[in-house]
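A quick write-up on the structure given underneath.
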Amino acid sequence: MQTYEYIQQPKVEAAIYKDDYNRRLRVDEFRGNAGRLLEYMENMAETHRFEKIIVKAKSNQVAHLIEKGFIVEGGVNGYFRGDRAFFMSKFLTDDRRNSSYWRKEDDILQAVQQLDRKTMEGSGLISVATGGHAEKLADLYQEVFTLYPVPLQDPDYIKESMKNGTIFVYIEEDGRIISAASAEISFSNKNAELTDCATSSSHRKGGYMKHLLRKLEDELIKQNIYCAYTIARALSFGMNAAFHQLGYRYGGRLANNCIIFDKMEDMNIWEKDLSER
């Protein structure tokens with residue numbers, strides 16, 4: 001489970017997520033001295049046995065973090081109210097730095113990028129979920145994911161996410177949700193992460209996900225959110241293909257980013273400017 005903390009230290013302020021499950025620290029935004037921030041983070045990492053520190057940095061912060069041993073793993077255009085965010089990481093163990101699947105993921109990415117992009121019209125019988133759908137959504141996520149970075153199998157977690165502005169969309173068949181996805185909105189930065197994509201194993205060939213993602217884009221545009229991005233399993237041909245075909249641009253790969261599906265996995269960044277739709 002992630003816990004959020006906003007720190008105000010001498011010479012630095014930062015929004016930090018402590019993620020014990022995935023053994024990482026994530027800084028979504030900071031102001032001030034990068035050295036002070038790293039000192040604070042490394043002390044926290046040692047206490048909690050975190051293995052990776054991730055900072056979403058603004059352009060003027062990149063050089064300072066590189067001096068402190070961070071590397072740029074990717075980025076999202078428009079993340080900070082129209083300005084680019086650089087996803088920068090510092091690895092605290094050799095195992096966390098080394099990926100066993102990097103070459104295979106390169107091959108998947110290359111194959112995905114050779115696919116034709118598709119024009120998606122309409123979103124069919126797709127609905128926006130309310131709190132009353134939390135139980136059915138949780139049932140779907142319980143079925144699809146053995147492991148997941150957040151507790152989507154818990155209806156109360158889904159309801160709380162909705163209260164915080166996350167949009168869930170779904171497709172239902174015979175009273176059962178068979179496919180769903182969400183958009184986690186940052187109203188302060190005017191961006192949204194498309195995430196929680198899942199389709200029941202019995203309906204995988206239906207092409208539902210692209211329609212769900214298109215519906216989420218429609219909902220975001222209504223709220224004047226134009227920066228959309230996702231972090232997709234680098235080993236999943238289908239999910240990466242869906243985003244590529246919807247016009248998303250590849251933005252880098254995060255090594256050993258989180259525990260998902262059945263192990264610690266690398267994740268690909270895809271991003272899109274919805275104002276160009």
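Residue names in the structure tokens use chain letters A, B, ... in the order shown, residue numbers from 1 in each chain, and ligand numbers from 1 in the order shown.
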
List every residue of segment 56-277 of chain A that DSSP, applied to the backbone of this structure, places in strand (DSSP E), and write the result as a PyMOL selection string. chain A and resi 56-57+71-80+83-91+127-128+167-173+176-186+191-199+227-233+249-260+263-273

For the contact check between segment 113-149 of chain A and segment 11-26 of chain A, emit one row per residue of segment 113-149 of chain A within 12 Å, containing the shortest atom pair and the distance in Å rounded to one decimal, counting only C-alpha atoms, chain then rising number order, as CSV.
residue,atom,partner,partner_atom,distance
A:Leu147,CA,A:Tyr21,CA,10.5
A:Tyr148,CA,A:Tyr21,CA,9.5
A:Pro149,CA,A:Asn22,CA,6.9

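Those residues that approach segment 85-102 of chain A to within 7 Å, counting only C-alpha atoms, are Glu51, Lys52, Ile53, Ile54, Val55, Lys56, Ala57, Lys58, Gly69, Phe70, Ile71, Val72, Glu73, Gly74, Gly75, Val76, Asn77, Tyr79, Ala255 and Asn256 of chain A; same-chain residues fewer than 6 positions away are not listed.
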
Please produce an output containing N, CA, C and O atoms for each residue in the selection, written as a CSV table (one decimal), in the first residue's frame.
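Result file result35.csv:
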chain,number,residue,atom,x,y,z
A,51,GLU,N,14.3,0.0,-2.7
A,51,GLU,CA,15.4,-0.4,-3.7
A,51,GLU,C,15.4,0.6,-4.9
A,51,GLU,O,16.4,0.5,-5.6
A,52,LYS,N,14.5,1.5,-5.0
A,52,LYS,CA,14.4,2.4,-6.2
A,52,LYS,C,13.8,3.7,-5.7
A,52,LYS,O,12.8,3.7,-5.0
A,53,ILE,N,14.4,4.8,-6.2
A,53,ILE,CA,13.8,6.1,-6.0
A,53,ILE,C,13.5,6.7,-7.4
A,53,ILE,O,14.3,6.7,-8.3
A,54,ILE,N,12.3,7.2,-7.5
A,54,ILE,CA,11.8,7.7,-8.8
A,54,ILE,C,11.4,9.2,-8.5
A,54,ILE,O,10.7,9.5,-7.6
A,55,VAL,N,11.9,10.1,-9.4
A,55,VAL,CA,11.5,11.5,-9.3
A,55,VAL,C,11.0,12.0,-10.6
A,55,VAL,O,11.6,11.8,-11.6
A,56,LYS,N,9.8,12.6,-10.6
A,56,LYS,CA,9.3,13.3,-11.8
A,56,LYS,C,9.8,14.7,-11.7
A,56,LYS,O,9.3,15.5,-10.9
A,57,ALA,N,10.7,15.0,-12.6
A,57,ALA,CA,11.5,16.2,-12.5
A,57,ALA,C,11.1,17.2,-13.7
A,57,ALA,O,10.7,16.7,-14.8
A,58,LYS,N,11.2,18.5,-13.4
A,58,LYS,CA,11.0,19.5,-14.4
A,58,LYS,C,12.4,19.7,-15.1
A,58,LYS,O,13.4,19.3,-14.6
A,69,GLY,N,23.4,11.0,-9.3
A,69,GLY,CA,23.4,9.6,-9.7
A,69,GLY,C,22.1,9.1,-10.3
A,69,GLY,O,21.9,7.9,-10.5
A,70,PHE,N,21.2,10.0,-10.6
A,70,PHE,CA,19.9,9.6,-11.2
A,70,PHE,C,20.1,9.5,-12.7
A,70,PHE,O,21.0,10.1,-13.3
A,71,ILE,N,19.3,8.6,-13.3
A,71,ILE,CA,19.3,8.5,-14.8
A,71,ILE,C,17.9,8.8,-15.3
A,71,ILE,O,16.9,8.6,-14.6
A,72,VAL,N,17.8,9.3,-16.5
A,72,VAL,CA,16.5,9.6,-17.1
A,72,VAL,C,16.0,8.3,-17.8
A,72,VAL,O,16.6,7.8,-18.7
A,73,GLU,N,14.8,7.8,-17.3
A,73,GLU,CA,14.3,6.6,-17.9
A,73,GLU,C,13.2,6.9,-18.9
A,73,GLU,O,12.8,6.0,-19.7
A,74,GLY,N,12.7,8.1,-18.9
A,74,GLY,CA,11.6,8.4,-19.8
A,74,GLY,C,11.0,9.8,-19.5
A,74,GLY,O,11.6,10.5,-18.7
A,75,GLY,N,9.9,10.1,-20.1
A,75,GLY,CA,9.2,11.4,-19.8
A,75,GLY,C,7.8,11.5,-20.4
A,75,GLY,O,7.4,10.6,-21.2
A,76,VAL,N,7.1,12.5,-20.0
A,76,VAL,CA,5.8,12.8,-20.5
A,76,VAL,C,5.6,14.2,-20.8
A,76,VAL,O,5.8,15.1,-20.0
A,77,ASN,N,5.3,14.5,-22.1
A,77,ASN,CA,5.1,15.9,-22.5
A,77,ASN,C,3.8,16.4,-21.9
A,77,ASN,O,2.8,15.7,-21.8
A,79,TYR,N,3.0,17.1,-18.8
A,79,TYR,CA,2.7,16.5,-17.5
A,79,TYR,C,2.4,17.6,-16.5
A,79,TYR,O,1.5,17.6,-15.7
A,255,ALA,N,12.7,0.5,-15.6
A,255,ALA,CA,13.2,-0.8,-15.2
A,255,ALA,C,12.7,-1.2,-13.9
A,255,ALA,O,12.8,-0.5,-12.9
A,256,ASN,N,12.3,-2.5,-13.8
A,256,ASN,CA,11.8,-3.1,-12.5
A,256,ASN,C,11.0,-2.1,-11.7
A,256,ASN,O,11.3,-1.8,-10.6

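Going from atom CA of Leu38 of chain A to atom CA of Asn268 of chain A covers 24.9 Å.
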
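Distance-wise, atom CA of Trp270 of chain A and atom CA of Ala183 of chain A end up 13.9 Å apart.
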
State, in Å with one decimal place, the distance from atom CA of Ile259 of chain A to atom CA of Leu235 of chain A. 12.9 Å

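When only C-alpha atoms are used to measure the gap to Gln142 of chain A, the shortest distance among A:Asn43, A:Gln2, A:Ser188, A:Thr199 belongs to A:Thr199.
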
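Proximity to Ile108 of chain A was assessed for A:Arg31, A:Arg36, A:Arg81, A:Arg233 counting only C-alpha atoms; the smallest distance is recorded for A:Arg233.
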
Among A:Leu109, A:Ala138, A:Met209, A:Val62, Ile269 of chain A is approached most closely, using only C-alpha atoms, by A:Leu109

For His133 of chain A, work out the shell of residues within 10 Å, counting only C-alpha atoms and skipping chain neighbours fewer than 2 positions away, then give it as a PyMOL selection string. chain A and resi 128-131+135-138+155+158-159+168+170+177

Take the residues just selected and output them with N, CA, C and O atoms as a compact mmCIF listing (two decimals), in the first residue's frame.
# COMPACT_ATOMS: atom_id res chain seq x y z
N VAL A 128 -19.75 4.89 -17.63
CA VAL A 128 -18.89 5.40 -16.57
C VAL A 128 -19.38 4.81 -15.25
O VAL A 128 -20.57 4.89 -14.93
N ALA A 129 -18.48 4.23 -14.49
CA ALA A 129 -18.85 3.54 -13.26
C ALA A 129 -19.13 4.52 -12.13
O ALA A 129 -18.59 5.63 -12.09
N THR A 130 -19.97 4.08 -11.20
CA THR A 130 -20.23 4.79 -9.95
C THR A 130 -19.83 3.87 -8.80
O THR A 130 -19.42 2.72 -9.01
N GLY A 131 -19.98 4.37 -7.58
CA GLY A 131 -19.64 3.55 -6.42
C GLY A 131 -20.40 2.25 -6.37
O GLY A 131 -19.91 1.25 -5.82
N GLU A 135 -18.13 -3.36 -6.46
CA GLU A 135 -18.03 -4.81 -6.20
C GLU A 135 -17.74 -5.57 -7.49
O GLU A 135 -16.87 -6.46 -7.53
N LYS A 136 -18.45 -5.23 -8.56
CA LYS A 136 -18.24 -5.93 -9.83
C LYS A 136 -16.87 -5.62 -10.42
O LYS A 136 -16.24 -6.49 -11.02
N LEU A 137 -16.43 -4.37 -10.28
CA LEU A 137 -15.09 -4.04 -10.75
C LEU A 137 -14.04 -4.82 -9.98
O LEU A 137 -13.09 -5.36 -10.57
N ALA A 138 -14.20 -4.90 -8.66
CA ALA A 138 -13.25 -5.65 -7.83
C ALA A 138 -13.21 -7.11 -8.23
O ALA A 138 -12.13 -7.74 -8.25
N PRO A 155 -13.27 -3.39 -2.99
CA PRO A 155 -14.27 -2.41 -3.44
C PRO A 155 -14.13 -1.06 -2.74
O PRO A 155 -14.38 -0.01 -3.36
N ILE A 158 -11.59 1.06 -4.50
CA ILE A 158 -12.14 1.59 -5.75
C ILE A 158 -13.05 2.77 -5.47
O ILE A 158 -12.98 3.81 -6.14
N LYS A 159 -13.90 2.65 -4.46
CA LYS A 159 -14.80 3.77 -4.10
C LYS A 159 -14.01 5.01 -3.68
O LYS A 159 -14.35 6.13 -4.05
N PHE A 168 -13.64 5.47 -13.73
CA PHE A 168 -13.64 4.09 -14.21
C PHE A 168 -14.70 3.94 -15.30
O PHE A 168 -15.81 4.45 -15.15
N TYR A 170 -16.44 0.88 -18.05
CA TYR A 170 -16.57 -0.58 -18.09
C TYR A 170 -17.51 -1.03 -19.19
O TYR A 170 -18.33 -0.25 -19.71
N ILE A 177 -19.18 -7.44 -15.22
CA ILE A 177 -18.23 -6.57 -15.91
C ILE A 177 -17.13 -7.44 -16.52
O ILE A 177 -16.46 -8.19 -15.81

Please run DSSP on the backbone and report, as a ChimeraX atom specification, all residues within segment 60-217 of chain A that come out as alpha helix (DSSP H). /A:62-67,94-97,102-113,134-144,155-163,208-217

Test item: residues at most 12 Å from Asn189 of chain A, only C-alpha atoms, excluding those fewer than 5 positions along its chain, as a ChimeraX atom specification: /A:28-29,77-85,184,224-228

Saved selection, atoms kept: N, CA and C atoms, as a PDB file, in the first residue's frame:
ATOM      1  N   ASP A  28       6.521  12.928  -6.830  1.00  0.00           N
ATOM      2  CA  ASP A  28       5.724  13.425  -7.957  1.00  0.00           C
ATOM      3  C   ASP A  28       6.055  14.867  -8.313  1.00  0.00           C
ATOM      4  N   GLU A  29       6.612  15.607  -7.351  1.00  0.00           N
ATOM      5  CA  GLU A  29       6.987  16.996  -7.620  1.00  0.00           C
ATOM      6  C   GLU A  29       7.825  17.498  -6.445  1.00  0.00           C
ATOM      7  N   ASN A  77       5.337  14.543 -22.084  1.00  0.00           N
ATOM      8  CA  ASN A  77       5.109  15.929 -22.481  1.00  0.00           C
ATOM      9  C   ASN A  77       3.803  16.427 -21.874  1.00  0.00           C
ATOM     10  N   GLY A  78       3.806  17.668 -21.415  1.00  0.00           N
ATOM     11  CA  GLY A  78       2.579  18.268 -20.898  1.00  0.00           C
ATOM     12  C   GLY A  78       2.194  17.865 -19.496  1.00  0.00           C
ATOM     13  N   TYR A  79       3.034  17.093 -18.809  1.00  0.00           N
ATOM     14  CA  TYR A  79       2.678  16.548 -17.491  1.00  0.00           C
ATOM     15  C   TYR A  79       2.435  17.643 -16.458  1.00  0.00           C
ATOM     16  N   PHE A  80       3.337  18.629 -16.408  1.00  0.00           N
ATOM     17  CA  PHE A  80       3.216  19.715 -15.433  1.00  0.00           C
ATOM     18  C   PHE A  80       2.503  20.906 -16.077  1.00  0.00           C
ATOM     19  N   ARG A  81       1.189  20.849 -16.145  1.00  0.00           N
ATOM     20  CA  ARG A  81       0.398  21.944 -16.737  1.00  0.00           C
ATOM     21  C   ARG A  81       0.955  22.401 -18.078  1.00  0.00           C
ATOM     22  N   GLY A  82       1.292  21.438 -18.915  1.00  0.00           N
ATOM     23  CA  GLY A  82       1.800  21.738 -20.247  1.00  0.00           C
ATOM     24  C   GLY A  82       3.300  21.568 -20.398  1.00  0.00           C
ATOM     25  N   ASP A  83       4.037  21.528 -19.298  1.00  0.00           N
ATOM     26  CA  ASP A  83       5.491  21.346 -19.363  1.00  0.00           C
ATOM     27  C   ASP A  83       5.855  19.868 -19.211  1.00  0.00           C
ATOM     28  N   ARG A  84       6.989  19.497 -19.775  1.00  0.00           N
ATOM     29  CA  ARG A  84       7.424  18.098 -19.778  1.00  0.00           C
ATOM     30  C   ARG A  84       7.909  17.653 -18.402  1.00  0.00           C
ATOM     31  N   ALA A  85       7.590  16.413 -18.054  1.00  0.00           N
ATOM     32  CA  ALA A  85       8.145  15.760 -16.868  1.00  0.00           C
ATOM     33  C   ALA A  85       9.153  14.714 -17.304  1.00  0.00           C
ATOM     34  N   GLU A 184      -6.749   8.196 -13.768  1.00  0.00           N
ATOM     35  CA  GLU A 184      -6.432   8.815 -12.478  1.00  0.00           C
ATOM     36  C   GLU A 184      -5.973  10.252 -12.745  1.00  0.00           C
ATOM     37  N   ASN A 224     -11.336  19.227 -19.601  1.00  0.00           N
ATOM     38  CA  ASN A 224     -10.192  20.051 -20.023  1.00  0.00           C
ATOM     39  C   ASN A 224      -8.853  19.476 -19.583  1.00  0.00           C
ATOM     40  N   ILE A 225      -8.758  18.145 -19.563  1.00  0.00           N
ATOM     41  CA  ILE A 225      -7.503  17.445 -19.296  1.00  0.00           C
ATOM     42  C   ILE A 225      -6.968  16.953 -20.637  1.00  0.00           C
ATOM     43  N   TYR A 226      -5.807  17.462 -21.042  1.00  0.00           N
ATOM     44  CA  TYR A 226      -5.295  17.157 -22.374  1.00  0.00           C
ATOM     45  C   TYR A 226      -4.030  16.303 -22.369  1.00  0.00           C
ATOM     46  N   CYS A 227      -3.364  16.199 -21.233  1.00  0.00           N
ATOM     47  CA  CYS A 227      -2.180  15.345 -21.133  1.00  0.00           C
ATOM     48  C   CYS A 227      -2.612  13.980 -20.592  1.00  0.00           C
ATOM     49  N   ALA A 228      -2.576  12.952 -21.455  1.00  0.00           N
ATOM     50  CA  ALA A 228      -2.907  11.590 -21.043  1.00  0.00           C
ATOM     51  C   ALA A 228      -1.675  10.709 -21.229  1.00  0.00           C
TER      52      ALA A 228
END
